[in-house]
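Student: This one is data39.cif, mmCIF, C-alpha atoms, pLDDT in the B column; chains and numbers go by the auth columns.
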data_my_file
loop_
_atom_site.group_PDB
_atom_site.id
_atom_site.type_symbol
_atom_site.label_atom_id
_atom_site.label_comp_id
_atom_site.label_asym_id
_atom_site.label_seq_id
_atom_site.Cartn_x
_atom_site.Cartn_y
_atom_site.Cartn_z
_atom_site.B_iso_or_equiv
_atom_site.auth_seq_id
_atom_site.auth_asym_id
ATOM 1 C CA MET A 1 19.346 -9.303 -13.428 50.00 1 A
ATOM 2 C CA ASN A 2 16.705 -10.272 -16.003 51.00 2 A
ATOM 3 C CA LYS A 3 13.224 -10.712 -14.491 56.00 3 A
ATOM 4 C CA ASP A 4 11.995 -13.231 -17.106 56.00 4 A
ATOM 5 C CA LYS A 5 15.054 -15.410 -16.678 50.00 5 A
ATOM 6 C CA PHE A 6 14.685 -15.187 -12.910 54.00 6 A
ATOM 7 C CA LEU A 7 11.013 -16.170 -13.128 54.00 7 A
ATOM 8 C CA SER A 8 11.714 -19.213 -15.260 51.00 8 A
ATOM 9 C CA ASN A 9 14.724 -20.563 -13.362 53.00 9 A
ATOM 10 C CA ASN A 10 14.931 -19.458 -9.763 68.00 10 A
ATOM 11 C CA PHE A 11 11.927 -20.708 -7.853 83.00 11 A
ATOM 12 C CA LYS A 12 12.734 -23.729 -5.767 83.00 12 A
ATOM 13 C CA TRP A 13 9.023 -24.554 -5.331 85.00 13 A
ATOM 14 C CA SER A 14 6.159 -23.990 -7.705 87.00 14 A
ATOM 15 C CA ILE A 15 2.866 -22.786 -6.283 90.00 15 A
ATOM 16 C CA SER A 16 0.149 -25.420 -6.315 90.00 16 A
ATOM 17 C CA ARG A 17 -3.229 -25.761 -4.659 91.00 17 A
ATOM 18 C CA GLN A 18 -1.730 -28.643 -2.710 91.00 18 A
ATOM 19 C CA ILE A 19 1.092 -26.503 -1.265 94.00 19 A
ATOM 20 C CA LEU A 20 -1.340 -23.681 -0.466 95.00 20 A
ATOM 21 C CA SER A 21 -3.568 -26.158 1.372 93.00 21 A
ATOM 22 C CA LEU A 22 -0.578 -27.473 3.353 94.00 22 A
ATOM 23 C CA ILE A 23 0.169 -23.909 4.440 95.00 23 A
ATOM 24 C CA LEU A 24 -3.409 -23.336 5.593 94.00 24 A
ATOM 25 C CA GLU A 25 -3.411 -26.708 7.399 93.00 25 A
ATOM 26 C CA ASP A 26 -0.151 -25.761 9.195 93.00 26 A
ATOM 27 C CA LYS A 27 1.680 -28.783 7.759 95.00 27 A
ATOM 28 C CA VAL A 28 4.780 -26.872 6.616 95.00 28 A
ATOM 29 C CA SER A 29 7.045 -24.551 8.575 94.00 29 A
ATOM 30 C CA ASP A 30 6.659 -20.791 8.763 95.00 30 A
ATOM 31 C CA ILE A 31 10.154 -20.551 7.286 94.00 31 A
ATOM 32 C CA PHE A 32 9.024 -22.468 4.190 95.00 32 A
ATOM 33 C CA VAL A 33 6.062 -20.106 3.783 96.00 33 A
ATOM 34 C CA CYS A 34 8.367 -17.087 4.041 96.00 34 A
ATOM 35 C CA GLU A 35 10.757 -18.494 1.462 94.00 35 A
ATOM 36 C CA LEU A 36 7.904 -18.948 -1.032 95.00 36 A
ATOM 37 C CA VAL A 37 7.008 -15.284 -0.615 97.00 37 A
ATOM 38 C CA TRP A 38 10.594 -14.011 -0.529 96.00 38 A
ATOM 39 C CA GLU A 39 11.487 -15.694 -3.807 94.00 39 A
ATOM 40 C CA ARG A 40 8.493 -14.082 -5.491 94.00 40 A
ATOM 41 C CA LEU A 41 9.484 -10.699 -4.090 95.00 41 A
ATOM 42 C CA PHE A 42 12.906 -11.316 -5.638 93.00 42 A
ATOM 43 C CA TYR A 43 14.833 -11.481 -2.397 94.00 43 A
ATOM 44 C CA ILE A 44 17.879 -13.676 -2.857 91.00 44 A
ATOM 45 C CA ASN A 45 19.450 -16.063 -0.389 90.00 45 A
ATOM 46 C CA GLU A 46 22.913 -14.701 0.270 87.00 46 A
ATOM 47 C CA PRO A 47 24.733 -16.908 2.817 81.00 47 A
ATOM 48 C CA SER A 48 27.580 -14.394 3.101 79.00 48 A
ATOM 49 C CA MET A 49 25.009 -11.842 4.307 77.00 49 A
ATOM 50 C CA ASN A 50 23.399 -14.341 6.724 80.00 50 A
ATOM 51 C CA GLY A 51 20.108 -14.630 4.910 89.00 51 A
ATOM 52 C CA TRP A 52 17.822 -13.268 2.271 94.00 52 A
ATOM 53 C CA ILE A 53 18.465 -9.772 0.937 94.00 53 A
ATOM 54 C CA SER A 54 16.696 -7.577 -1.583 94.00 54 A
ATOM 55 C CA SER A 55 17.817 -7.633 -5.203 92.00 55 A
ATOM 56 C CA SER A 56 17.504 -5.117 -8.010 91.00 56 A
ATOM 57 C CA LEU A 57 14.178 -6.807 -8.866 92.00 57 A
ATOM 58 C CA THR A 58 12.674 -6.535 -5.391 94.00 58 A
ATOM 59 C CA PRO A 59 9.793 -4.038 -5.601 94.00 59 A
ATOM 60 C CA SER A 60 10.731 -0.753 -3.956 93.00 60 A
ATOM 61 C CA TYR A 61 7.594 -1.062 -1.788 93.00 61 A
ATOM 62 C CA TRP A 62 9.457 -3.936 -0.122 95.00 62 A
ATOM 63 C CA SER A 63 13.155 -3.128 -0.445 94.00 63 A
ATOM 64 C CA GLU A 64 12.795 0.370 1.021 94.00 64 A
ATOM 65 C CA LYS A 65 11.176 -0.975 4.171 95.00 65 A
ATOM 66 C CA PHE A 66 12.913 -4.355 4.339 95.00 66 A
ATOM 67 C CA SER A 67 16.423 -4.606 2.882 92.00 67 A
ATOM 68 C CA LYS A 68 16.600 -8.060 4.469 94.00 68 A
ATOM 69 C CA ALA A 69 13.623 -10.331 3.806 96.00 69 A
ATOM 70 C CA PRO A 70 11.161 -9.944 6.694 96.00 70 A
ATOM 71 C CA GLN A 71 9.687 -12.778 8.685 96.00 71 A
ATOM 72 C CA ILE A 72 6.207 -12.627 7.141 95.00 72 A
ATOM 73 C CA ILE A 73 4.623 -14.950 9.722 96.00 73 A
ATOM 74 C CA SER A 74 6.392 -14.008 12.942 95.00 74 A
ATOM 75 C CA GLU A 75 6.531 -10.229 12.477 94.00 75 A
ATOM 76 C CA ARG A 76 3.267 -8.340 12.537 95.00 76 A
ATOM 77 C CA SER A 77 4.597 -5.362 10.564 95.00 77 A
ATOM 78 C CA ALA A 78 5.725 -7.623 7.701 96.00 78 A
ATOM 79 C CA SER A 79 2.348 -9.378 7.620 96.00 79 A
ATOM 80 C CA VAL A 80 0.524 -6.034 7.553 96.00 80 A
ATOM 81 C CA HIS A 81 2.814 -4.915 4.703 96.00 81 A
ATOM 82 C CA LEU A 82 1.976 -8.114 2.804 96.00 82 A
ATOM 83 C CA THR A 83 -1.759 -7.576 3.356 95.00 83 A
ATOM 84 C CA ARG A 84 -1.532 -4.007 2.070 95.00 84 A
ATOM 85 C CA SER A 85 0.288 -5.173 -1.058 95.00 85 A
ATOM 86 C CA ILE A 86 -2.709 -7.273 -2.153 96.00 86 A
ATOM 87 C CA PRO A 87 -4.988 -5.202 -4.408 95.00 87 A
ATOM 88 C CA LYS A 88 -8.556 -4.800 -3.213 94.00 88 A
ATOM 89 C CA ASP A 89 -10.034 -6.914 -6.021 94.00 89 A
ATOM 90 C CA HIS A 90 -7.849 -9.863 -4.885 95.00 90 A
ATOM 91 C CA LYS A 91 -8.686 -9.774 -1.163 92.00 91 A
ATOM 92 C CA GLN A 92 -11.199 -12.633 -1.500 91.00 92 A
ATOM 93 C CA ASN A 93 -8.943 -15.019 -3.465 92.00 93 A
ATOM 94 C CA LEU A 94 -8.838 -17.556 -0.640 92.00 94 A
ATOM 95 C CA LYS A 95 -12.580 -17.912 -0.767 91.00 95 A
ATOM 96 C CA LYS A 96 -12.981 -17.606 -4.549 91.00 96 A
ATOM 97 C CA ILE A 97 -10.114 -19.838 -5.658 90.00 97 A
ATOM 98 C CA LEU A 98 -9.543 -22.282 -2.792 90.00 98 A
ATOM 99 C CA ASN A 99 -13.056 -22.246 -1.313 88.00 99 A
ATOM 100 C CA PHE A 100 -11.408 -21.520 2.042 89.00 100 A
ATOM 101 C CA GLU A 101 -14.046 -20.476 4.543 85.00 101 A
ATOM 102 C CA GLY A 102 -11.636 -19.333 7.208 84.00 102 A
ATOM 103 C CA TYR A 103 -10.693 -20.681 10.596 82.00 103 A
ATOM 104 C CA LYS A 104 -13.085 -21.368 13.461 83.00 104 A
ATOM 105 C CA ILE A 105 -12.914 -19.004 16.431 85.00 105 A
ATOM 106 C CA ASN A 106 -10.943 -21.500 18.533 81.00 106 A
ATOM 107 C CA GLU A 107 -8.411 -21.870 15.680 79.00 107 A
ATOM 108 C CA LEU A 108 -7.590 -18.164 15.380 82.00 108 A
ATOM 109 C CA TYR A 109 -3.995 -17.374 16.197 89.00 109 A
ATOM 110 C CA PRO A 110 -1.831 -14.637 14.669 90.00 110 A
ATOM 111 C CA ARG A 111 0.282 -17.343 12.979 93.00 111 A
ATOM 112 C CA ARG A 112 -2.724 -18.851 11.248 92.00 112 A
ATOM 113 C CA THR A 113 -4.195 -15.573 10.046 93.00 113 A
ATOM 114 C CA ARG A 114 -0.761 -14.514 8.780 95.00 114 A
ATOM 115 C CA ARG A 115 -0.454 -17.836 6.935 95.00 115 A
ATOM 116 C CA ALA A 116 -3.825 -17.181 5.318 95.00 116 A
ATOM 117 C CA THR A 117 -2.556 -13.749 4.288 96.00 117 A
ATOM 118 C CA ALA A 118 0.557 -15.342 2.766 97.00 118 A
ATOM 119 C CA VAL A 119 -1.583 -17.839 0.823 96.00 119 A
ATOM 120 C CA ASN A 120 -3.838 -15.049 -0.416 96.00 120 A
ATOM 121 C CA TRP A 121 -0.786 -13.081 -1.546 97.00 121 A
ATOM 122 C CA LEU A 122 0.690 -16.140 -3.292 96.00 122 A
ATOM 123 C CA ILE A 123 -2.587 -16.618 -5.176 95.00 123 A
ATOM 124 C CA TYR A 124 -2.545 -12.931 -6.148 95.00 124 A
ATOM 125 C CA TRP A 125 1.102 -13.245 -7.246 94.00 125 A
ATOM 126 C CA SER A 126 0.261 -16.295 -9.389 91.00 126 A
ATOM 127 C CA ILE A 127 -2.564 -14.439 -11.103 91.00 127 A
ATOM 128 C CA ASP A 128 -0.573 -11.233 -11.542 90.00 128 A
ATOM 129 C CA SER A 129 2.454 -13.035 -12.992 86.00 129 A
ATOM 130 C CA SER A 130 0.327 -15.283 -15.237 83.00 130 A
ATOM 131 C CA SER A 131 1.728 -18.299 -13.441 81.00 131 A
ATOM 132 C CA SER A 132 -0.529 -21.323 -13.391 74.00 132 A
ATOM 133 C CA LEU A 133 -1.811 -22.572 -10.070 76.00 133 A
ATOM 134 C CA ASP A 134 -1.290 -26.293 -10.575 73.00 134 A
ATOM 135 C CA ASP A 135 -3.224 -28.866 -8.613 66.00 135 A
ATOM 136 C CA PHE A 136 -0.056 -30.760 -7.691 64.00 136 A
ATOM 137 C CA SER A 137 3.669 -30.098 -7.571 71.00 137 A
ATOM 138 C CA LYS A 138 6.814 -31.285 -5.843 79.00 138 A
ATOM 139 C CA LEU A 139 6.132 -31.094 -2.114 83.00 139 A
ATOM 140 C CA PRO A 140 8.301 -29.925 0.761 86.00 140 A
ATOM 141 C CA LYS A 141 8.734 -31.914 3.946 86.00 141 A
ATOM 142 C CA ILE A 142 5.249 -32.308 5.393 90.00 142 A
ATOM 143 C CA SER A 143 4.838 -32.423 9.141 90.00 143 A
ATOM 144 C CA PRO A 144 1.871 -32.733 11.457 91.00 144 A
ATOM 145 C CA PRO A 145 0.255 -29.438 12.441 89.00 145 A
ATOM 146 C CA SER A 146 2.154 -27.676 15.176 86.00 146 A
ATOM 147 C CA PRO A 147 1.178 -29.018 18.605 86.00 147 A
ATOM 148 C CA ASN A 148 1.039 -25.403 19.772 87.00 148 A
ATOM 149 C CA PRO A 149 -0.547 -23.363 16.957 86.00 149 A
ATOM 150 C CA ALA A 150 0.358 -20.121 18.714 87.00 150 A
ATOM 151 C CA LYS A 151 4.086 -20.928 18.553 89.00 151 A
ATOM 152 C CA GLY A 152 4.680 -22.813 15.299 88.00 152 A
ATOM 153 C CA HIS A 153 6.962 -25.626 14.268 90.00 153 A
ATOM 154 C CA PHE A 154 10.355 -26.466 15.732 87.00 154 A
ATOM 155 C CA GLY A 155 12.858 -23.912 14.386 88.00 155 A
ATOM 156 C CA ASP A 156 10.281 -21.290 13.389 90.00 156 A
ATOM 157 C CA PRO A 157 10.963 -17.731 14.586 91.00 157 A
ATOM 158 C CA GLU A 158 9.127 -16.556 17.692 89.00 158 A
ATOM 159 C CA ILE A 159 5.796 -14.865 16.979 89.00 159 A
ATOM 160 C CA LYS A 160 5.884 -11.136 17.755 86.00 160 A
#
Using the file provided, produce a representation of the structure as structure tokens.

Tutor:
Amino acid sequence: MNKDKFLSNNFKWSISRQILSLILEDKVSDIFVCELVWERLFYINEPSMNGWISSSLTPSYWSEKFSKAPQIISERSASVHLTRSIPKDHKQNLKKILNFEGYKINELYPRRTRRATAVNWLIYWSIDSSSSLDDFSKLPKISPPSPNPAKGHFGDPEIK
């Protein structure tokens, strides 16, 4: 598998400030957020294997621990792994690039902080891969924020 060809052809969704904002506002599903990350970690959707599996391009840091793509939002260990994969000089990207000031105390739920981690990682990935962070792009299905921010949207995996 050729990485450059994969990069230019295989991402269903481009990363834009608008999509990143939708993630932080909880207006897209946790599954959508995971798929954005999985694609950029070069996991591939393999229906015959019941989901996303690592490819030859998946970094060994990920494929050795997660041969199947992990639920970044619902599984704490996967979220911690994602956090640790962000280099120190990129830890403040949310604040620097999106001017995100964080959630208020009454808005803090594991799901939301894990979403913020995913957005920070996606910003890092965009910078590291020299991919532009457009202001607008094709958008996924937008829904109102989850009525129960601790649980997520209908169909999202249970938070562990």

Student: For this file, the PyMOL selection byres ((chain A and resi 23) around 9) selects which residues, as a PDB file with C-alpha atoms, in the coordinates of the input?

Tutor:
ATOM      1  CA  GLN A  18      -1.730 -28.643  -2.710  1.00 91.00           C
ATOM      2  CA  ILE A  19       1.092 -26.503  -1.265  1.00 94.00           C
ATOM      3  CA  LEU A  20      -1.340 -23.681  -0.466  1.00 95.00           C
ATOM      4  CA  SER A  21      -3.568 -26.158   1.372  1.00 93.00           C
ATOM      5  CA  LEU A  22      -0.578 -27.473   3.353  1.00 94.00           C
ATOM      6  CA  LEU A  24      -3.409 -23.336   5.593  1.00 94.00           C
ATOM      7  CA  GLU A  25      -3.411 -26.708   7.399  1.00 93.00           C
ATOM      8  CA  ASP A  26      -0.151 -25.761   9.195  1.00 93.00           C
ATOM      9  CA  LYS A  27       1.680 -28.783   7.759  1.00 95.00           C
ATOM     10  CA  VAL A  28       4.780 -26.872   6.616  1.00 95.00           C
ATOM     11  CA  SER A  29       7.045 -24.551   8.575  1.00 94.00           C
ATOM     12  CA  ASP A  30       6.659 -20.791   8.763  1.00 95.00           C
ATOM     13  CA  PHE A  32       9.024 -22.468   4.190  1.00 95.00           C
ATOM     14  CA  VAL A  33       6.062 -20.106   3.783  1.00 96.00           C
ATOM     15  CA  ARG A 112      -2.724 -18.851  11.248  1.00 92.00           C
ATOM     16  CA  ARG A 115      -0.454 -17.836   6.935  1.00 95.00           C
ATOM     17  CA  ALA A 116      -3.825 -17.181   5.318  1.00 95.00           C
ATOM     18  CA  ALA A 118       0.557 -15.342   2.766  1.00 97.00           C
ATOM     19  CA  VAL A 119      -1.583 -17.839   0.823  1.00 96.00           C
TER      20      VAL A 119
END

Student: The PyMOL selection byres ((chain A and resi 134) around 10) on the file shown: which residues, as a PyMOL selection string?

Tutor: chain A and resi 14-19+131-133+135-137

Student: Mind dumping the selected residues with C-alpha atoms as a PDB file, keeping the file's coordinate frame?

Tutor:
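result.pdb, freshly written:
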ATOM      1  CA  SER A  14       6.159 -23.990  -7.705  1.00 87.00           C
ATOM      2  CA  ILE A  15       2.866 -22.786  -6.283  1.00 90.00           C
ATOM      3  CA  SER A  16       0.149 -25.420  -6.315  1.00 90.00           C
ATOM      4  CA  ARG A  17      -3.229 -25.761  -4.659  1.00 91.00           C
ATOM      5  CA  GLN A  18      -1.730 -28.643  -2.710  1.00 91.00           C
ATOM      6  CA  ILE A  19       1.092 -26.503  -1.265  1.00 94.00           C
ATOM      7  CA  SER A 131       1.728 -18.299 -13.441  1.00 81.00           C
ATOM      8  CA  SER A 132      -0.529 -21.323 -13.391  1.00 74.00           C
ATOM      9  CA  LEU A 133      -1.811 -22.572 -10.070  1.00 76.00           C
ATOM     10  CA  ASP A 135      -3.224 -28.866  -8.613  1.00 66.00           C
ATOM     11  CA  PHE A 136      -0.056 -30.760  -7.691  1.00 64.00           C
ATOM     12  CA  SER A 137       3.669 -30.098  -7.571  1.00 71.00           C
TER      13      SER A 137
END

Student: Tell me which protein, DNA and RNA residues are within 8 Å of Leu94 in chain A, counting all atoms listed in the file, leaving out same-chain ones fewer than 5 positions away, and put them as a list in words.

Tutor: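 The residues satisfying every condition are Asn99, Phe100, Glu101, Ala116, Val119, Asn120 and Ile123 of chain A.
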
Student: Here's the selection I'm unsure about, the PyMOL selection byres ((chain A and resi 75) around 10); applied to the file above, which residues does it give, as a ChimeraX atom specification?

Tutor: /A:70-74,76-80,110-111,114,157-160

Student: Store the residues of this selection in a file with C-alpha atoms, as a JSON list (two decimals), in the frame of the given file.

Tutor:
[["chain", "number", "residue", "atom", "x", "y", "z"],
["A", 70, "PRO", "CA", 11.16, -9.94, 6.69],
["A", 71, "GLN", "CA", 9.69, -12.78, 8.68],
["A", 72, "ILE", "CA", 6.21, -12.63, 7.14],
["A", 73, "ILE", "CA", 4.62, -14.95, 9.72],
["A", 74, "SER", "CA", 6.39, -14.01, 12.94],
["A", 76, "ARG", "CA", 3.27, -8.34, 12.54],
["A", 77, "SER", "CA", 4.60, -5.36, 10.56],
["A", 78, "ALA", "CA", 5.72, -7.62, 7.70],
["A", 79, "SER", "CA", 2.35, -9.38, 7.62],
["A", 80, "VAL", "CA", 0.52, -6.03, 7.55],
["A", 110, "PRO", "CA", -1.83, -14.64, 14.67],
["A", 111, "ARG", "CA", 0.28, -17.34, 12.98],
["A", 114, "ARG", "CA", -0.76, -14.51, 8.78],
["A", 157, "PRO", "CA", 10.96, -17.73, 14.59],
["A", 158, "GLU", "CA", 9.13, -16.56, 17.69],
["A", 159, "ILE", "CA", 5.80, -14.86, 16.98],
["A", 160, "LYS", "CA", 5.88, -11.14, 17.76]]

Student: Residues near range 102-109 of chain A, anyone? I mean within 8 Å using all atoms listed in the file, not counting same-chain ones fewer than 4 positions away, as number ranges by chain.

Tutor: A: 113, 149-150

Student: For C-alpha atoms, I'd like the residues from the last selection saved as a compact mmCIF listing (two decimals), in the frame of the given file.

Tutor:
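Contents of the output file part.txt:
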# COMPACT_ATOMS: atom_id res chain seq x y z
CA THR A 113 -4.20 -15.57 10.05
CA PRO A 149 -0.55 -23.36 16.96
CA ALA A 150 0.36 -20.12 18.71

Student: Could you check how far CA of Ser54 in chain A sits from CA of Ser67 in chain A, in Å to one decimal?

Tutor: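 CA of Ser67 in chain A lies at a distance of 5.4 Å from CA of Ser54 in chain A.
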
Student: What gap, in Å, lies between CA of Cys34 in chain A and CA of Lys95 in chain A?

Tutor: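 Interatomic distance, CA of Cys34 in chain A to CA of Lys95 in chain A: 21.5 Å.
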
Student: Grab the CA of Lys68 in chain A to CA of Ser55 in chain A distance for me, in Å with one decimal place.

Tutor: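 The value is 9.8 Å.
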
Student: Which residues, written as number ranges by chain, have at least one atom at most 12 Å from Asp128 in chain A, with all atoms listed in the file counted and residues fewer than 6 positions away on the same chain left out?

Tutor: A: 40, 86-87, 89-90, 121-122

Student: Please determine an axis-aligned box that encloses all atoms of range 29-46 of chain A listed in the file, with 5 Å added on each side, and express its centre and edge lengths in Å to one decimal as AutoDock Vina command-line options.

Tutor:
--center_x 14.5 --center_y -17.6 --center_z 1.6 --size_x 26.9 --size_y 23.9 --size_z 24.4

Student: Determine the nearest neighbour of Asp156 in chain A from the options A:Ile31, A:Arg84, A:Leu98, A:Asn50, counting all atoms listed in the file.

Tutor: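 Nearest to Asp156 in chain A: A:Ile31.
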
Student: With distances taken over all atoms listed in the file, which of A:Ser56, A:Ser130, A:Thr117, A:Ser143 is nearest to Tyr43 in chain A?

Tutor: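 Smallest distance to Tyr43 in chain A is found for A:Ser56.
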